[in-house]
Amino acid sequence: MPTYTPADLITELEQGICRVIFKKKSNDLMRVMYCTWAPEVLVREKMAPEDLNEGNRLVVWDIEKNGWRSFDLTTVIDFTPNIEKLGD
């Protein structure tokens with residue numbers, strides 16, 4: 001996987017829906033999450049406080065769970081941007 005900075009991921013997440021595969025810290029299981037920061041989705045949802053993104057933790061809107069979730073950047077196995085572009 002290419003190395004992404006938090007800013008890179010946020011840029012991609014703001015463009016549409018992305019897929020993140022990561023290892024959960026709580027139980028070491030792999031998780032696939034479809035998530036976004038796209039304004040057209042977040043305008044309908046409660047915005048997450050910006051201070052939740054600390055260190056290696058990134059908070060995103062999980063489109064399948066319809067809620068805010070987070071993952072640790074150090075546990076990301078794969079990141080696929082633009083699964084679905086929004087706002088085009």
# chains A, B, ... in the order shown; residues from 1 in each chain; ligands from 1

call {"tool": "closest_atom_pairs", "arguments": {"of": "range 7-47 of chain A", "to": "range 66-74 of chain A", "cutoff": "12 Å", "atoms": "only C-alpha atoms", "output": "JSON lines"}}
result
{"residue": "A:Ala7", "atom": "CA", "partner": "A:Leu73", "partner_atom": "CA", "distance": 11.5}
{"residue": "A:Asp8", "atom": "CA", "partner": "A:Leu73", "partner_atom": "CA", "distance": 11.6}
{"residue": "A:Leu9", "atom": "CA", "partner": "A:Leu73", "partner_atom": "CA", "distance": 9.7}
{"residue": "A:Ile10", "atom": "CA", "partner": "A:Leu73", "partner_atom": "CA", "distance": 11.9}
{"residue": "A:Val20", "atom": "CA", "partner": "A:Phe71", "partner_atom": "CA", "distance": 9.1}
{"residue": "A:Ile21", "atom": "CA", "partner": "A:Phe71", "partner_atom": "CA", "distance": 9.6}
{"residue": "A:Phe22", "atom": "CA", "partner": "A:Phe71", "partner_atom": "CA", "distance": 7.4}
{"residue": "A:Lys23", "atom": "CA", "partner": "A:Phe71", "partner_atom": "CA", "distance": 8.5}
{"residue": "A:Lys24", "atom": "CA", "partner": "A:Phe71", "partner_atom": "CA", "distance": 7.5}
{"residue": "A:Lys25", "atom": "CA", "partner": "A:Asp72", "partner_atom": "CA", "distance": 8.0}
{"residue": "A:Ser26", "atom": "CA", "partner": "A:Phe71", "partner_atom": "CA", "distance": 10.8}
{"residue": "A:Met30", "atom": "CA", "partner": "A:Phe71", "partner_atom": "CA", "distance": 11.4}
{"residue": "A:Arg31", "atom": "CA", "partner": "A:Phe71", "partner_atom": "CA", "distance": 9.8}
{"residue": "A:Val32", "atom": "CA", "partner": "A:Phe71", "partner_atom": "CA", "distance": 10.8}
{"residue": "A:Met33", "atom": "CA", "partner": "A:Arg69", "partner_atom": "CA", "distance": 9.2}
{"residue": "A:Tyr34", "atom": "CA", "partner": "A:Asn66", "partner_atom": "CA", "distance": 10.4}
{"residue": "A:Cys35", "atom": "CA", "partner": "A:Arg69", "partner_atom": "CA", "distance": 8.8}
{"residue": "A:Thr36", "atom": "CA", "partner": "A:Trp68", "partner_atom": "CA", "distance": 9.9}
{"residue": "A:Trp37", "atom": "CA", "partner": "A:Trp68", "partner_atom": "CA", "distance": 10.3}
{"residue": "A:Val41", "atom": "CA", "partner": "A:Asn66", "partner_atom": "CA", "distance": 10.3}
{"residue": "A:Leu42", "atom": "CA", "partner": "A:Gly67", "partner_atom": "CA", "distance": 10.4}
{"residue": "A:Arg44", "atom": "CA", "partner": "A:Asn66", "partner_atom": "CA", "distance": 11.0}
{"residue": "A:Glu45", "atom": "CA", "partner": "A:Gly67", "partner_atom": "CA", "distance": 8.5}
{"residue": "A:Lys46", "atom": "CA", "partner": "A:Trp68", "partner_atom": "CA", "distance": 9.1}
{"residue": "A:Met47", "atom": "CA", "partner": "A:Trp68", "partner_atom": "CA", "distance": 8.9}

call {"tool": "write_last_selection", "arguments": {"atoms": "C-alpha atoms", "output": "compact mmCIF listing (two decimals), in the first residue's frame"}}
result
# COMPACT_ATOMS: atom_id res chain seq x y z
CA ALA A 7 -3.99 14.95 5.11
CA ASP A 8 -3.86 12.67 2.03
CA LEU A 9 -6.62 10.46 3.41
CA ILE A 10 -8.79 13.43 4.34
CA VAL A 20 -10.34 1.25 4.30
CA ILE A 21 -9.12 -2.17 5.40
CA PHE A 22 -7.50 -2.10 8.81
CA LYS A 23 -6.77 -4.26 11.81
CA LYS A 24 -8.91 -3.48 14.84
CA LYS A 25 -6.81 -2.77 17.90
CA SER A 26 -9.43 -4.23 20.26
CA MET A 30 -9.46 -7.20 10.02
CA ARG A 31 -12.27 -4.77 9.25
CA VAL A 32 -13.44 -3.35 5.94
CA MET A 33 -15.08 0.05 6.24
CA TYR A 34 -16.65 2.25 3.58
CA CYS A 35 -16.36 5.80 4.77
CA THR A 36 -16.34 9.44 3.76
CA TRP A 37 -15.89 13.06 4.73
CA VAL A 41 -23.14 13.34 3.23
CA LEU A 42 -21.94 15.16 6.34
CA ARG A 44 -27.11 15.67 6.76
CA GLU A 45 -25.24 14.26 9.74
CA LYS A 46 -23.81 15.70 12.90
CA MET A 47 -20.27 16.86 12.27

call {"tool": "residues_around", "arguments": {"residues": "Phe79 in chain A", "least_positions_apart": "2", "cutoff": "8 Å", "atoms": "only C-alpha atoms", "output": "list of chain:residue names"}}
result
A:Met1, A:Cys18, A:Arg19, A:Val20, A:Ile21, A:Val76, A:Ile77, A:Pro81

call {"tool": "write_last_selection", "arguments": {"atoms": "C-alpha atoms", "output": "mmCIF file, in the first residue's frame"}}
result
data_model
loop_
_atom_site.group_PDB
_atom_site.id
_atom_site.type_symbol
_atom_site.label_atom_id
_atom_site.label_comp_id
_atom_site.auth_asym_id
_atom_site.auth_seq_id
_atom_site.Cartn_x
_atom_site.Cartn_y
_atom_site.Cartn_z
ATOM 1 C CA MET A 1 0.000 0.000 0.000
ATOM 2 C CA CYS A 18 -13.379 5.291 0.201
ATOM 3 C CA ARG A 19 -12.663 1.757 1.369
ATOM 4 C CA VAL A 20 -10.338 1.249 4.301
ATOM 5 C CA ILE A 21 -9.119 -2.169 5.399
ATOM 6 C CA VAL A 76 -4.303 0.353 7.799
ATOM 7 C CA ILE A 77 -3.699 -2.561 5.443
ATOM 8 C CA PRO A 81 -10.041 6.078 -2.737
#

call {"tool": "closest_residue", "arguments": {"among": "A:Thr80, A:Thr75, A:Gly16, A:Pro6", "to": "Pro39 in chain A", "atoms": "only C-alpha atoms"}}
result
A:Gly16

call {"tool": "closest_residue", "arguments": {"among": "A:Asp78, A:Glu54, A:Ala38, A:Asp28", "to": "Gln15 in chain A", "atoms": "only C-alpha atoms"}}
result
A:Ala38
